[in-house]
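Peer 1: Contents of upload_25.txt (compact mmCIF, C-alpha atoms) are below:
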```txt
# COMPACT_ATOMS: atom_id res chain seq x y z
CA MET P 21 -1.63 15.18 34.19
CA PHE P 22 -2.03 18.39 32.14
CA PHE P 23 -0.34 18.76 28.75
CA ASP P 24 0.10 22.43 27.89
CA GLY P 25 1.30 21.82 24.33
CA LYS P 26 4.96 22.70 24.82
CA ASN P 27 7.17 20.62 22.50
CA PHE P 28 4.00 19.20 20.91
CA GLN P 29 5.12 18.14 17.45
CA ALA P 30 1.99 19.38 15.72
CA GLY P 31 2.64 22.88 17.13
CA GLU P 32 2.52 24.60 20.52
CA GLN P 33 -0.65 26.46 19.50
CA TYR P 34 -2.54 23.23 20.28
CA VAL P 35 -3.29 22.57 23.95
CA PRO P 36 -4.43 18.95 24.39
CA GLY P 37 -5.33 19.36 28.08
CA LEU P 38 -5.77 16.65 30.72
CA PHE P 39 -4.63 13.05 30.27
CA ALA P 40 -4.28 10.03 32.52
CA SER P 41 -0.61 9.60 33.41
CA ARG P 42 1.48 6.68 32.17
CA ALA P 43 2.17 5.61 35.74
CA TYR P 44 -1.54 5.46 36.59
CA LEU P 45 -2.43 3.47 33.49
CA ALA P 46 0.50 1.08 34.06
CA SER P 47 -0.66 0.46 37.63
CA LEU P 48 -4.13 -0.76 36.63
CA ASN P 49 -4.69 -4.50 37.03
CA LEU P 50 -7.53 -5.10 34.57
CA THR P 51 -7.69 -8.79 35.50
CA ASN P 52 -8.67 -7.96 39.11
CA GLY P 53 -12.30 -9.09 39.28
CA LYS P 54 -12.88 -7.18 42.54
CA VAL P 55 -12.26 -3.87 40.81
CA PHE P 56 -13.06 -4.43 37.13
CA THR P 57 -15.83 -6.35 35.39
CA GLY P 58 -15.15 -7.70 31.90
CA GLU P 59 -17.86 -7.76 29.26
CA GLU P 60 -18.03 -8.26 25.51
CA ASP P 61 -17.98 -5.17 23.32
CA PRO P 62 -19.87 -6.00 20.10
CA THR P 63 -18.51 -2.87 18.41
CA GLU P 64 -15.10 -4.55 18.38
CA PHE P 65 -16.11 -7.67 16.44
CA LEU P 66 -19.58 -7.63 14.88
CA ALA P 67 -18.57 -5.83 11.69
CA LEU P 68 -15.39 -7.90 11.40
CA ASN P 69 -17.00 -11.30 11.88
CA TYR P 70 -17.94 -13.12 8.67
CA SER P 71 -17.99 -16.56 7.11
CA ALA P 72 -16.07 -17.14 3.89
CA LYS P 73 -15.43 -20.14 1.68
CA GLU P 74 -13.23 -19.84 -1.38
CA ASN P 75 -12.15 -22.70 -3.62
CA ILE P 76 -9.54 -22.16 -6.34
CA TYR P 77 -8.78 -24.82 -8.95
CA ALA P 78 -5.76 -24.17 -11.14
CA GLY P 79 -3.43 -25.76 -13.66
CA TYR P 80 -0.64 -24.50 -15.90
CA LEU P 81 1.62 -25.34 -18.83
CA ARG P 82 5.16 -23.93 -19.20
CA TRP P 83 7.72 -24.10 -21.98
CA ASP P 84 11.36 -22.98 -21.66
CA GLN P 85 13.44 -22.73 -24.84
CA ASP P 86 16.93 -21.49 -25.67
CA ILE P 87 16.60 -20.30 -29.25
CA ASN P 88 20.38 -19.82 -29.54
CA ASP P 89 23.28 -18.87 -27.27
CA LYS P 90 21.93 -15.30 -26.93
CA LEU P 91 18.15 -15.61 -27.07
CA SER P 92 15.91 -17.53 -24.67
CA VAL P 93 12.13 -17.66 -24.20
CA ILE P 94 9.84 -18.73 -21.38
CA THR P 95 6.12 -18.98 -22.14
CA GLY P 96 3.15 -20.46 -20.37
CA LEU P 97 -0.58 -20.56 -19.76
CA ARG P 98 -2.38 -20.79 -16.42
CA LEU P 99 -6.06 -21.69 -15.98
CA GLU P 100 -7.89 -20.76 -12.75
CA HIS P 101 -11.47 -21.34 -11.63
CA THR P 102 -12.70 -19.62 -8.46
CA LYS P 103 -15.82 -20.34 -6.41
CA ILE P 104 -16.75 -18.19 -3.42
CA LYS P 105 -19.49 -18.04 -0.77
CA TYR P 106 -19.69 -15.30 1.84
CA THR P 107 -21.96 -14.45 4.77
CA GLY P 108 -21.74 -11.10 6.56
CA ASN P 109 -23.56 -9.31 9.38
CA ILE P 110 -26.09 -6.48 9.24
CA ILE P 111 -25.19 -4.21 12.16
CA GLU P 112 -27.11 -1.28 13.58
CA ASN P 113 -25.52 1.29 15.91
CA GLU P 114 -22.25 -0.72 15.86
CA GLU P 115 -23.45 -3.23 18.47
CA ASP P 116 -26.86 -4.60 17.43
CA LEU P 117 -26.94 -7.61 15.10
CA ALA P 118 -29.97 -7.09 12.84
CA GLY P 119 -29.39 -10.15 10.65
CA THR P 120 -27.07 -11.65 8.04
CA ARG P 121 -26.66 -11.51 4.24
CA SER P 122 -25.11 -14.16 1.96
CA SER P 123 -23.71 -14.19 -1.56
CA LYS P 124 -22.20 -16.67 -4.06
CA ASN P 125 -20.07 -16.24 -7.18
CA SER P 126 -17.76 -18.15 -9.54
CA TYR P 127 -15.49 -17.21 -12.45
CA THR P 128 -12.81 -18.69 -14.72
CA ASP P 129 -9.64 -16.98 -16.02
CA LEU P 130 -6.98 -17.79 -18.63
CA LEU P 131 -3.61 -16.19 -17.83
CA PRO P 132 -1.00 -16.41 -20.64
CA SER P 133 2.57 -15.08 -20.40
CA VAL P 134 5.78 -14.88 -22.41
CA ALA P 135 9.23 -13.61 -21.37
CA VAL P 136 12.21 -13.06 -23.67
CA LYS P 137 15.87 -12.56 -22.69
CA TYR P 138 18.54 -11.41 -25.14
CA GLN P 139 22.22 -11.39 -24.16
CA ALA P 140 23.33 -8.59 -26.48
CA LYS P 141 26.84 -8.47 -24.99
CA GLU P 142 28.63 -10.09 -22.11
CA ASP P 143 27.72 -7.12 -19.92
CA LEU P 144 24.43 -6.06 -21.57
CA VAL P 145 21.10 -7.88 -21.15
CA LEU P 146 17.81 -6.95 -22.82
CA ARG P 147 14.52 -8.30 -21.47
CA GLY P 148 10.90 -8.13 -22.62
CA ALA P 149 7.75 -9.67 -21.24
CA PHE P 150 4.02 -9.88 -21.72
CA THR P 151 2.25 -11.17 -18.63
CA THR P 152 -1.26 -11.41 -17.27
CA ALA P 153 -2.31 -11.53 -13.66
CA LEU P 154 -5.39 -11.75 -11.49
CA ALA P 155 -5.93 -9.72 -8.31
CA ARG P 156 -8.86 -10.94 -6.26
CA PRO P 157 -10.68 -8.63 -3.84
CA ASN P 158 -9.66 -9.11 -0.23
CA TYR P 159 -11.97 -11.26 1.86
CA TYR P 160 -13.44 -8.47 3.96
CA ALA P 161 -14.26 -6.27 0.94
CA LEU P 162 -16.37 -9.11 -0.54
CA THR P 163 -18.32 -9.73 2.65
CA PRO P 164 -21.99 -8.67 2.27
CA PHE P 165 -22.05 -6.87 5.63
CA VAL P 166 -23.69 -3.51 6.29
CA GLY P 167 -22.60 -1.46 9.29
CA ILE P 168 -24.96 1.38 10.28
CA VAL P 169 -24.03 3.96 12.92
CA ALA P 170 -27.05 6.26 13.13
CA GLY P 171 -25.52 8.46 15.85
CA ASP P 172 -22.57 9.32 13.58
CA GLU P 173 -24.66 9.24 10.38
CA GLN P 174 -22.25 6.69 8.86
CA ILE P 175 -22.68 3.51 6.83
CA THR P 176 -19.91 1.09 5.85
CA ALA P 177 -20.67 -1.83 3.57
CA GLY P 178 -18.97 -4.73 1.88
CA ASN P 179 -19.54 -5.42 -1.80
CA PRO P 180 -20.28 -9.03 -2.79
CA ASN P 181 -20.54 -7.91 -6.43
CA LEU P 182 -16.86 -6.97 -6.67
CA ASP P 183 -15.07 -8.48 -9.66
CA ALA P 184 -11.46 -9.57 -9.62
CA THR P 185 -9.01 -7.23 -11.34
CA ASN P 186 -7.42 -8.55 -14.55
CA ALA P 187 -4.00 -7.12 -15.43
CA TYR P 188 -2.25 -7.17 -18.82
CA ASN P 189 1.38 -6.09 -18.58
CA LEU P 190 4.12 -5.15 -21.05
CA ASP P 191 7.65 -4.63 -19.75
CA PHE P 192 10.96 -3.82 -21.45
CA MET P 193 14.25 -3.64 -19.54
CA ALA P 194 17.92 -3.09 -20.35
CA GLU P 195 20.69 -3.96 -17.86
CA GLN P 196 24.28 -2.82 -18.20
CA TYR P 197 26.71 -4.50 -15.78
CA PHE P 198 29.99 -2.90 -14.72
CA LYS P 199 33.24 -4.84 -14.61
CA SER P 200 33.38 -4.23 -10.87
CA VAL P 201 30.34 -4.48 -8.60
CA GLY P 202 27.57 -2.39 -10.15
CA LEU P 203 24.57 -2.17 -12.44
CA LEU P 204 22.85 0.46 -14.60
CA SER P 205 19.32 -0.41 -15.68
CA GLY P 206 16.33 1.23 -17.30
CA GLY P 207 12.90 0.08 -18.30
CA LEU P 208 9.50 0.97 -19.72
CA PHE P 209 6.22 -0.50 -18.55
CA TYR P 210 2.56 -0.47 -19.50
CA LYS P 211 -0.31 -2.05 -17.61
CA ARG P 212 -3.98 -2.38 -18.45
CA LEU P 213 -6.16 -3.11 -15.43
CA ASN P 214 -9.77 -4.11 -16.02
CA ASN P 215 -12.28 -3.93 -13.14
CA PHE P 216 -9.77 -2.23 -10.84
CA ILE P 217 -10.87 -1.90 -7.21
CA TYR P 218 -11.00 1.39 -5.35
CA THR P 219 -12.46 2.71 -2.09
CA TYR P 220 -15.54 4.82 -2.74
CA ALA P 221 -16.68 7.42 -0.19
CA ASP P 222 -19.90 9.43 -0.52
CA ARG P 223 -20.42 12.07 2.15
CA ALA P 224 -23.82 13.05 0.76
CA TYR P 225 -25.48 9.62 0.93
CA THR P 226 -29.28 9.96 0.98
CA THR P 227 -32.25 7.73 1.70
CA GLU P 228 -32.83 7.38 -2.05
CA LYS P 229 -29.29 6.14 -2.62
CA PHE P 230 -29.59 3.59 0.19
CA ALA P 231 -32.87 2.30 -1.23
CA ASN P 232 -31.21 1.86 -4.62
CA ASP P 233 -28.12 0.07 -3.23
CA PHE P 234 -29.83 -2.06 -0.53
CA SER P 235 -33.44 -2.60 -1.57
CA ASP P 236 -33.68 -5.69 0.69
CA LEU P 237 -32.88 -3.78 3.90
CA ALA P 238 -34.80 -1.36 6.10
CA ASN P 239 -33.77 2.20 5.24
CA PRO P 240 -32.10 3.93 8.22
CA ILE P 241 -31.60 7.37 6.62
CA PRO P 242 -34.35 9.91 7.33
CA ALA P 243 -35.62 11.92 4.36
CA GLY P 244 -33.59 15.07 3.80
CA GLU P 245 -30.47 13.91 5.67
CA GLN P 246 -27.05 13.22 4.14
CA TRP P 247 -24.87 10.52 5.70
CA ALA P 248 -21.33 9.28 5.02
CA PHE P 249 -21.03 6.02 3.06
CA THR P 250 -17.92 3.91 2.33
CA GLN P 251 -17.61 0.83 0.11
CA SER P 252 -15.12 -0.91 -2.19
CA ARG P 253 -16.16 -0.70 -5.85
CA ASN P 254 -14.96 -1.63 -9.34
CA GLY P 255 -13.86 0.90 -11.90
CA GLU P 256 -14.09 0.04 -15.58
CA SER P 257 -10.41 0.11 -16.54
CA VAL P 258 -7.17 1.98 -16.02
CA ASN P 259 -4.06 2.43 -18.16
CA VAL P 260 -0.82 2.70 -16.23
CA TYR P 261 2.49 3.49 -17.90
CA GLY P 262 5.88 4.87 -17.00
CA PHE P 263 9.58 4.20 -16.76
CA GLU P 264 12.19 3.36 -14.15
CA VAL P 265 15.93 3.83 -13.96
CA ALA P 266 18.40 2.52 -11.41
CA VAL P 267 22.12 2.65 -10.78
CA GLN P 268 24.21 0.76 -8.26
CA ARG P 269 27.98 1.11 -8.17
CA GLN P 270 30.84 0.52 -5.80
CA LEU P 271 33.21 3.43 -6.42
CA ASP P 272 36.32 1.29 -6.20
CA PHE P 273 37.79 3.02 -9.26
CA LEU P 274 38.45 6.17 -7.20
CA PRO P 275 41.99 6.70 -5.87
CA GLY P 276 42.92 5.92 -2.28
CA ARG P 277 41.47 3.55 0.32
CA PHE P 278 39.03 6.18 1.65
CA LEU P 279 37.40 7.27 -1.62
CA SER P 280 37.29 3.75 -3.08
CA GLY P 281 35.27 2.63 -0.05
CA PHE P 282 32.21 4.62 -1.16
CA GLY P 283 29.20 3.12 -2.92
CA VAL P 284 26.06 4.66 -4.37
CA TYR P 285 22.59 3.44 -5.18
CA ALA P 286 19.66 5.34 -6.71
CA ASN P 287 16.43 4.48 -8.47
CA TYR P 288 13.60 6.60 -9.80
CA THR P 289 10.16 5.55 -11.04
CA PHE P 290 7.70 7.70 -12.95
CA THR P 291 4.12 6.48 -13.19
CA LYS P 292 1.11 7.95 -14.93
CA SER P 293 -2.37 6.50 -14.99
CA LYS P 294 -5.78 7.26 -16.43
CA ALA P 295 -8.84 5.54 -15.01
CA LYS P 296 -12.28 5.09 -16.55
CA GLY P 297 -15.61 4.06 -15.09
CA VAL P 298 -15.48 5.98 -11.78
CA ALA P 299 -18.83 7.58 -10.95
CA ASN P 300 -19.54 10.56 -8.71
CA SER P 301 -22.27 10.71 -6.07
CA ASP P 302 -24.85 11.52 -8.79
CA GLY P 303 -23.91 8.48 -10.87
CA GLU P 304 -22.12 10.54 -13.53
CA LEU P 305 -18.73 9.39 -14.83
CA ARG P 306 -15.79 11.46 -13.63
CA GLU P 307 -13.05 12.61 -15.99
CA ASP P 308 -9.24 12.74 -15.65
CA MET P 309 -9.10 10.21 -12.83
CA THR P 310 -5.92 8.44 -11.73
CA LEU P 311 -5.48 5.02 -10.14
CA PRO P 312 -5.74 5.25 -6.32
CA GLY P 313 -2.59 4.22 -4.50
CA THR P 314 -0.26 5.08 -7.40
CA ALA P 315 2.37 7.75 -6.72
CA PRO P 316 3.56 9.62 -9.84
CA HIS P 317 7.14 9.97 -8.55
CA MET P 318 9.22 7.69 -6.36
CA LEU P 319 12.91 8.18 -5.62
CA ASN P 320 15.30 6.14 -3.48
CA ALA P 321 18.97 6.92 -2.98
CA SER P 322 21.75 5.89 -0.63
CA LEU P 323 25.42 6.62 -0.03
CA SER P 324 27.56 4.04 1.74
CA TRP P 325 31.13 3.54 2.89
CA GLU P 326 32.73 0.36 4.13
CA ASP P 327 35.97 -1.46 4.71
CA LYS P 328 36.79 -4.74 6.41
CA ARG P 329 35.62 -3.59 9.86
CA PHE P 330 33.46 -0.48 9.52
CA ALA P 331 30.34 0.14 7.40
CA ALA P 332 27.96 3.11 7.25
CA ARG P 333 25.01 4.08 5.09
CA ILE P 334 22.63 7.01 4.75
CA SER P 335 19.44 6.47 2.76
CA ALA P 336 16.71 8.77 1.47
CA ASN P 337 13.24 7.96 0.18
CA TYR P 338 10.79 10.33 -1.49
CA THR P 339 7.22 9.59 -2.58
CA ALA P 340 4.98 12.20 -4.19
CA ALA P 341 1.40 12.76 -3.06
CA TYR P 342 -1.20 10.47 -4.57
CA ILE P 343 -4.93 9.85 -4.38
CA ASP P 344 -5.86 7.25 -1.77
CA GLU P 345 -9.66 7.24 -1.62
CA LEU P 346 -12.19 8.39 -4.21
CA GLY P 347 -15.06 10.53 -2.97
CA GLY P 348 -18.39 11.50 -4.43
CA ASP P 349 -16.67 14.44 -6.16
CA ALA P 350 -13.22 16.01 -6.49
CA PHE P 351 -13.47 17.75 -3.12
CA GLY P 352 -14.32 14.45 -1.43
CA ASP P 353 -11.20 12.69 -2.74
CA ALA P 354 -8.64 11.84 -0.04
CA PHE P 355 -4.91 12.11 -0.80
CA TYR P 356 -1.86 10.65 0.91
CA ASP P 357 0.59 13.53 1.15
CA LYS P 358 4.16 13.51 -0.13
CA GLN P 359 6.80 11.97 2.15
CA PHE P 360 10.55 12.23 2.57
CA PHE P 361 12.39 9.85 4.88
CA LEU P 362 16.04 9.94 5.87
CA ASP P 363 17.64 6.95 7.63
CA ALA P 364 21.20 6.13 8.68
CA ASN P 365 23.03 3.13 10.09
CA ALA P 366 26.57 2.10 10.95
CA SER P 367 28.36 -0.95 12.34
CA PHE P 368 31.84 -1.76 13.62
CA LYS P 369 33.20 -5.29 13.68
CA VAL P 370 35.12 -6.07 16.86
CA SER P 371 35.68 -9.79 16.26
CA LYS P 372 34.79 -12.54 13.83
CA VAL P 373 31.34 -12.94 15.41
CA ALA P 374 30.58 -9.63 17.17
CA ARG P 375 29.93 -6.11 15.98
CA PHE P 376 28.50 -2.91 17.44
CA PHE P 377 25.70 -1.25 15.49
CA ALA P 378 23.68 1.97 15.51
CA GLU P 379 20.54 2.76 13.53
CA ALA P 380 18.50 5.93 13.11
CA THR P 381 15.21 6.00 11.18
CA ASN P 382 12.87 8.84 10.22
CA LEU P 383 15.44 11.54 10.92
CA THR P 384 13.18 14.03 9.11
CA ASN P 385 10.33 13.30 11.57
CA GLN P 386 8.10 12.84 8.53
CA PRO P 387 4.41 12.95 9.47
CA LEU P 388 1.79 10.63 8.06
CA ARG P 389 -0.67 13.08 6.51
CA TYR P 390 -3.89 12.80 4.52
CA TYR P 391 -5.65 15.75 2.95
CA GLN P 392 -9.03 16.12 1.31
CA GLY P 393 -9.53 17.71 -2.08
CA VAL P 394 -6.71 20.27 -1.84
CA SER P 395 -3.37 20.12 -0.04
CA SER P 396 -4.30 22.81 2.49
CA GLN P 397 -7.30 20.81 3.75
CA THR P 398 -5.71 18.46 6.32
CA ARG P 399 -7.77 15.39 7.11
CA GLN P 400 -5.37 13.41 9.28
CA MET P 401 -1.86 14.03 10.55
CA GLU P 402 0.29 11.82 12.77
CA TYR P 403 3.87 12.21 13.99
CA TYR P 404 6.03 9.27 15.05
CA ARG P 405 9.40 10.96 15.80
CA PRO P 406 12.84 9.62 14.86
CA ARG P 407 13.83 6.24 16.24
CA TYR P 408 17.29 5.17 17.39
CA ASN P 409 18.66 1.68 18.04
CA PHE P 410 22.06 0.76 19.50
CA GLY P 411 23.41 -2.63 20.34
CA VAL P 412 25.68 -5.57 19.70
CA LYS P 413 25.09 -8.28 17.12
CA PHE P 414 26.60 -11.75 17.11
CA ASP P 415 26.88 -13.77 13.90
CA PHE P 416 27.63 -17.45 14.36
```
Go through the file and emit its structure as structure tokens.

Peer 2:
Amino acid sequence: MFFDGKNFQAGEQYVPGLFASRAYLASLNLTNGKVFTGEEDPTEFLALNYSAKENIYAGYLRWDQDINDKLSVITGLRLEHTKIKYTGNIIENEEDLAGTRSSKNSYTDLLPSVAVKYQAKEDLVLRGAFTTALARPNYYALTPFVGIVAGDEQITAGNPNLDATNAYNLDFMAEQYFKSVGLLSGGLFYKRLNNFIYTYADRAYTTEKFANDFSDLANPIPAGEQWAFTQSRNGESVNVYGFEVAVQRQLDFLPGRFLSGFGVYANYTFTKSKAKGVANSDGELREDMTLPGTAPHMLNASLSWEDKRFAARISANYTAAYIDELGGDAFGDAFYDKQFFLDANASFKVSKVARFFAEATNLTNQPLRYYQGVSSQTRQMEYYRPRYNFGVKFDF
């Protein structure tokens, strides 16, 4: 079938061309040995196959104490010892197993914490906490594999030298409760992350850089060529701070049955971060870096209405653009673009156990979009369209 681009969500100026039809693809019987022959595809599993052994030994002490009728404290200390052993594959051209690499490591962490609660008034609670946490690298990131695709001039590698991220957190929160159903809260937070993990991408990876990073392996990059390289790495540290506010209230103080059926919810979070120890493709430290995966602004809000039989809600979610992957320089950085979602749902109770419902998600048809360096430089864009669900639910 030919797709001329009409009603194509990315724009009618794009003409995708010929595609196999849904009916043809659905009619294929891939298990028919007379027509199709099955065979293994090493590109699907070689890079993903690895052996991992991780042992964690832990113990903790905890003390809960009510100082008086308003002030209470919870404090504790956790001790963890981690031992790991990994073996990963060395892959050439996605499908050729050239060998394996192994690595071992062990480390011990002390994780203290203290949380304080103060009941200032019957409807006002103040909270404060100092906590520590440990975020280990995911298994695959630690695997000492090296995937080389010479045809695409790409190399992807695990990093057995990754350190776990240590977090030191300070949080302060105030909560004001309403006499009816509702809550107003606000808080400040500060986090110090040592050895934070980020995805590093170098699109000017040379034979000299490969020799420096993998001196024990045969060098696949010809002199003078620049390949693309991706690997998880540790930054030195990052400071993260911000505030959050939230309000939730059933508007039952409004006059009349209709207006008093409304309810509102909203929360907003502001986050700022400054990272240190991130190097560019020349090994020089970069300045004014932020923590990947941290959006500076996040806003959620909803408006609802309900009575004994009918309930409806419309919800909005906004997330500002943020850096997702660090490149060899500012232009090589990849960003996850801002997003705004609008969802709605409603239900009508027809008996004690049955109710009709309707749901609509992504009414804004928000695309998933990545850009590189600057917002106008699109790297990836995907549309998923709104989704609608209708049906009957039974609650027994």

Peer 1: Please provide the set of residues having any atom within 7 Å of Leu81 of chain P, restricted to all atoms listed in the file, with same-chain residues fewer than 3 positions apart removed, written as a PDB file with C-alpha atoms, in the frame of the given file.

Peer 2:
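To be explicit, this is the file written out as selection_35.pdb:
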```pdb
ATOM      1  CA  GLY P  96       3.150 -20.460 -20.370  1.00  0.00           C
ATOM      2  CA  LEU P  97      -0.580 -20.560 -19.760  1.00  0.00           C
ATOM      3  CA  ARG P  98      -2.380 -20.790 -16.420  1.00  0.00           C
TER       4      ARG P  98
END
```

Peer 1: Using all atoms listed in the file, give me every residue within 10 Å of (-7.0, 19.0, 13.9) in file coordinates, as a list of chain:residue names.

Peer 2: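 Selection result: P:Ala30, P:Tyr34, P:Thr398, P:Arg399, P:Gln400, P:Met401.
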
Peer 1: Find the residues near Phe216 of chain P: any atom within 10 Å, counting only C-alpha atoms, skip ones fewer than 5 places away on the same chain, and give them as JSON, numbers by chain.

Peer 2: {"P": [155, 156, 157, 182, 183, 184, 185, 186, 187, 253, 254, 255, 256, 257, 258, 295, 296, 297, 311, 312]}

Peer 1: Record the distance separating atom CA of His101 of chain P and atom CA of Ala72 of chain P, expressed in Å with one decimal.

Peer 2: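 Separation of atom CA of His101 of chain P and atom CA of Ala72 of chain P: 16.7 Å.
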
Peer 1: As a list in words, please: the residues near Gly207 of chain P (cut-off 6 Å, only C-alpha atoms, same-chain neighbours under 2 positions excluded).

Peer 2: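 Skipping anything fewer than 2 positions along the chain leaves Phe192, Met193, Phe263 and Glu264 of chain P.
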
Peer 1: How close does each residue of segment 278-388 of chain P get to segment 217-226 of chain P, giving the shortest atom pair and distance in Å to one decimal for every residue with an atom at most 10 Å away, counting all atoms listed in the file, sorted by chain and residue number, as CSV?

Peer 2:
```
residue,atom,partner,partner_atom,distance
P:Val298,CA,P:Tyr218,CA,9.1
P:Ala299,CA,P:Tyr220,CA,9.3
P:Asn300,CA,P:Asp222,CA,8.3
P:Ser301,CA,P:Asp222,CA,6.2
P:Asp302,CA,P:Ala224,CA,9.7
P:Leu311,CA,P:Tyr218,CA,8.2
P:Pro312,CA,P:Tyr218,CA,6.6
P:Gly313,CA,P:Tyr218,CA,8.9
P:Asp344,CA,P:Thr219,CA,8.0
P:Glu345,CA,P:Thr219,CA,5.3
P:Leu346,CA,P:Tyr220,CA,5.1
P:Gly347,CA,P:Ala221,CA,4.5
P:Gly348,CA,P:Asp222,CA,4.7
P:Asp349,CA,P:Asp222,CA,8.2
P:Gly352,CA,P:Arg223,CA,7.5
P:Asp353,CA,P:Ala221,CA,8.0
P:Ala354,CA,P:Ala221,CA,9.2
```

Peer 1: Would you please work out which residue, of P:Phe22, P:Tyr356, P:Phe28, P:Phe209, is nearest to Tyr404 of chain P when using all atoms listed in the file?

Peer 2: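 Ranked by minimum distance to Tyr404 of chain P, first place goes to P:Phe28.
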
Peer 1: Could you tell me which of P:Thr314, P:Asn181, P:Thr51, P:Thr128 comes closest to Tyr77 of chain P if we count all atoms listed in the file?

Peer 2: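 Looking only at the distances to Tyr77 of chain P, the closest residue turns out to be P:Thr128.
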
Peer 1: Closest to Leu146 of chain P among P:Glu245, P:Glu195, P:Glu60, P:Asp308, using all atoms listed in the file?

Peer 2: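 Between P:Glu245, P:Glu195, P:Glu60, P:Asp308, the residue approaching Leu146 of chain P most closely is P:Glu195.
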
Peer 1: Pick out the closest residue to Gln85 of chain P from this set: P:Leu144, P:Met21, P:Phe376, P:Val136. Count all atoms listed in the file.

Peer 2: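 Among P:Leu144, P:Met21, P:Phe376, P:Val136, it is P:Val136 that comes nearest to Gln85 of chain P.
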
Peer 1: Give me, as a PDB file with C-alpha atoms, in the frame of the given file, all polymer residues having an atom no more than 12 Å from Arg147 of chain P, counting only C-alpha atoms and skipping those fewer than 5 positions away in the same chain.

Peer 2:
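Saved the output as out.pdb:
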```
ATOM      1  CA  LYS P  90      21.930 -15.300 -26.930  1.00  0.00           C
ATOM      2  CA  LEU P  91      18.150 -15.610 -27.070  1.00  0.00           C
ATOM      3  CA  SER P  92      15.910 -17.530 -24.670  1.00  0.00           C
ATOM      4  CA  VAL P  93      12.130 -17.660 -24.200  1.00  0.00           C
ATOM      5  CA  ILE P  94       9.840 -18.730 -21.380  1.00  0.00           C
ATOM      6  CA  VAL P 134       5.780 -14.880 -22.410  1.00  0.00           C
ATOM      7  CA  ALA P 135       9.230 -13.610 -21.370  1.00  0.00           C
ATOM      8  CA  VAL P 136      12.210 -13.060 -23.670  1.00  0.00           C
ATOM      9  CA  LYS P 137      15.870 -12.560 -22.690  1.00  0.00           C
ATOM     10  CA  TYR P 138      18.540 -11.410 -25.140  1.00  0.00           C
ATOM     11  CA  GLN P 139      22.220 -11.390 -24.160  1.00  0.00           C
ATOM     12  CA  ALA P 140      23.330  -8.590 -26.480  1.00  0.00           C
ATOM     13  CA  LEU P 190       4.120  -5.150 -21.050  1.00  0.00           C
ATOM     14  CA  ASP P 191       7.650  -4.630 -19.750  1.00  0.00           C
ATOM     15  CA  PHE P 192      10.960  -3.820 -21.450  1.00  0.00           C
ATOM     16  CA  MET P 193      14.250  -3.640 -19.540  1.00  0.00           C
ATOM     17  CA  ALA P 194      17.920  -3.090 -20.350  1.00  0.00           C
ATOM     18  CA  GLU P 195      20.690  -3.960 -17.860  1.00  0.00           C
ATOM     19  CA  GLN P 196      24.280  -2.820 -18.200  1.00  0.00           C
ATOM     20  CA  SER P 205      19.320  -0.410 -15.680  1.00  0.00           C
ATOM     21  CA  GLY P 206      16.330   1.230 -17.300  1.00  0.00           C
ATOM     22  CA  GLY P 207      12.900   0.080 -18.300  1.00  0.00           C
ATOM     23  CA  LEU P 208       9.500   0.970 -19.720  1.00  0.00           C
ATOM     24  CA  PHE P 209       6.220  -0.500 -18.550  1.00  0.00           C
TER      25      PHE P 209
END
```

Peer 1: Just the number, please: distance in Å from atom CA of Asn109 of chain P to atom CA of Ala67 of chain P, one decimal.

Peer 2: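 Those two atoms sit 6.5 Å apart.
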
Peer 1: Using all atoms listed in the file, which residues sit within 10 Å of Gly108 of chain P once same-chain residues fewer than 2 positions away are excluded, as a list in words?

Peer 2: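 Answer for this query is Leu66, Ala67, Leu68, Asn69, Tyr70, Ser71, Ala72, Tyr106, Ile110, Ile111, Gly119, Thr120, Arg121, Ser122, Ser123, Tyr160, Leu162, Thr163, Pro164, Phe165, Val166, Ala177, Gly178 and Pro180 of chain P.
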
Peer 1: Grab the atom CA of Asn259 of chain P to atom CA of Asn158 of chain P distance for me, in Å with one decimal place.

Peer 2: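 Separation between atom CA of Asn259 of chain P and atom CA of Asn158 of chain P: 22.0 Å.
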
Peer 1: Quick one: of P:Phe278, P:Phe361, P:Phe290, P:Tyr390, who's nearest to Trp325 of chain P, counting only C-alpha atoms?

Peer 2: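 The answer is P:Phe278, which sits nearest to Trp325 of chain P.
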
Peer 1: Using all atoms listed in the file, what residues lie at most 8 Å away from (-5.7, 15.1, -3.0) (file coordinates), given as a PyMOL selection string?

Peer 2: chain P and resi 341-344+353-357+391-395

Peer 1: Between P:Lys124, P:Arg269, P:Arg407, P:His317, which residue has the minimum interatomic distance to Ala340 of chain P, considering all atoms listed in the file?

Peer 2: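 Among the listed residues, P:His317 lies closest to Ala340 of chain P.
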